[in-house]
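Encoded as structure tokens, the structure appears first; notes follow it.
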Amino acid sequence: MYVVNNRVLVANGWEEIFEERFRQRAGQINQQPGFIDMQILRPEAQDTPYIVMTRWQDKGAFEAWVSSDDFRLAHSNPMPGEAFKGKGQIEMFEVVVSTD
């Protein structure tokens with residue numbers, strides 16, 4: 001399994017819009033081969049980033065998504081710069097131990 005986290009520092013007042021954009025597009029990523037699930041994690045502490053976490057069957061499935069037309073569509077209308085308090089950070093992980 002492959003996990004990708006995108007840490008996003010959302011500016012005050014933009015939280016609801018940020019969350020709604022994912023609610024509106026959430027079903028699109030579900031159609032991608034190798035996609036397992038996605039969670040949008042809302043921070044409890046101020047100045048802590050949101051985490052957009054996706055899980056994939058393997059790295060190849062994630063890379064195929066990034067190369068897809070749907071990925072380009074999902075990222076074609078970004079929020080304005082003032083919606084963010086800084087640059088996001090992408091983290092990628094290969095799962096070595098998992099429990100259910």
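Ordered as shown in the structure tokens, chains take letters A, B, and onward, while each chain numbers its residues from 1 and ligands are numbered from 1 in the order shown.
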**OP:** Using DSSP on the backbone coordinates, identify all residues within region 16-60 of chain A classified as helix (DSSP H, G or I); present the result as a count of residues only.
**Re:** 16
**OP:** Excluding Glu63 (chain A) and residues on its chain fewer than 2 positions from it, collect all residues at most 12 Å away from it, counting only C-alpha atoms, and give them as a ChimeraX atom specification.
**Re:** /A:2-4,32-35,56-61,65-68,71,92
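Across A:Val96, A:Met38, A:Ala74, A:Ile51, the tightest approach to Leu9 (chain A) is made by A:Ile51 when counting only C-alpha atoms.
Proximity to Trp14 (chain A) at 12 Å, evaluated using only C-alpha atoms and with sequence-adjacent residues fewer than 2 positions away removed, yields Val8, Leu9, Val10, Ala11, Asn12, Glu16, Ile17, Phe18, Glu19, Glu20, Arg21, Tyr50, Met79, Pro80, Gly81, Glu82, Ala83, Phe84 and Lys85 of chain A.
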For the selection just defined, write its residues with C-alpha atoms to a file, as a tab-separated table (two decimals), in the first residue's frame.
```tsv
chain	number	residue	atom	x	y	z
A	8	VAL	CA	-2.14	22.35	3.44
A	9	LEU	CA	-2.01	25.50	5.58
A	10	VAL	CA	-5.44	27.05	4.99
A	11	ALA	CA	-5.84	30.71	5.91
A	12	ASN	CA	-8.45	31.76	8.47
A	16	GLU	CA	-15.27	25.92	4.80
A	17	ILE	CA	-14.54	26.64	1.13
A	18	PHE	CA	-11.50	24.34	1.23
A	19	GLU	CA	-13.54	21.49	2.71
A	20	GLU	CA	-16.45	22.00	0.32
A	21	ARG	CA	-14.19	21.75	-2.71
A	50	TYR	CA	-5.08	20.23	7.01
A	79	MET	CA	-8.19	28.43	-4.78
A	80	PRO	CA	-6.65	31.94	-4.73
A	81	GLY	CA	-3.27	32.42	-3.09
A	82	GLU	CA	-4.75	34.30	-0.13
A	83	ALA	CA	-6.60	31.10	0.86
A	84	PHE	CA	-3.32	29.66	2.09
A	85	LYS	CA	-0.85	30.61	4.84
```
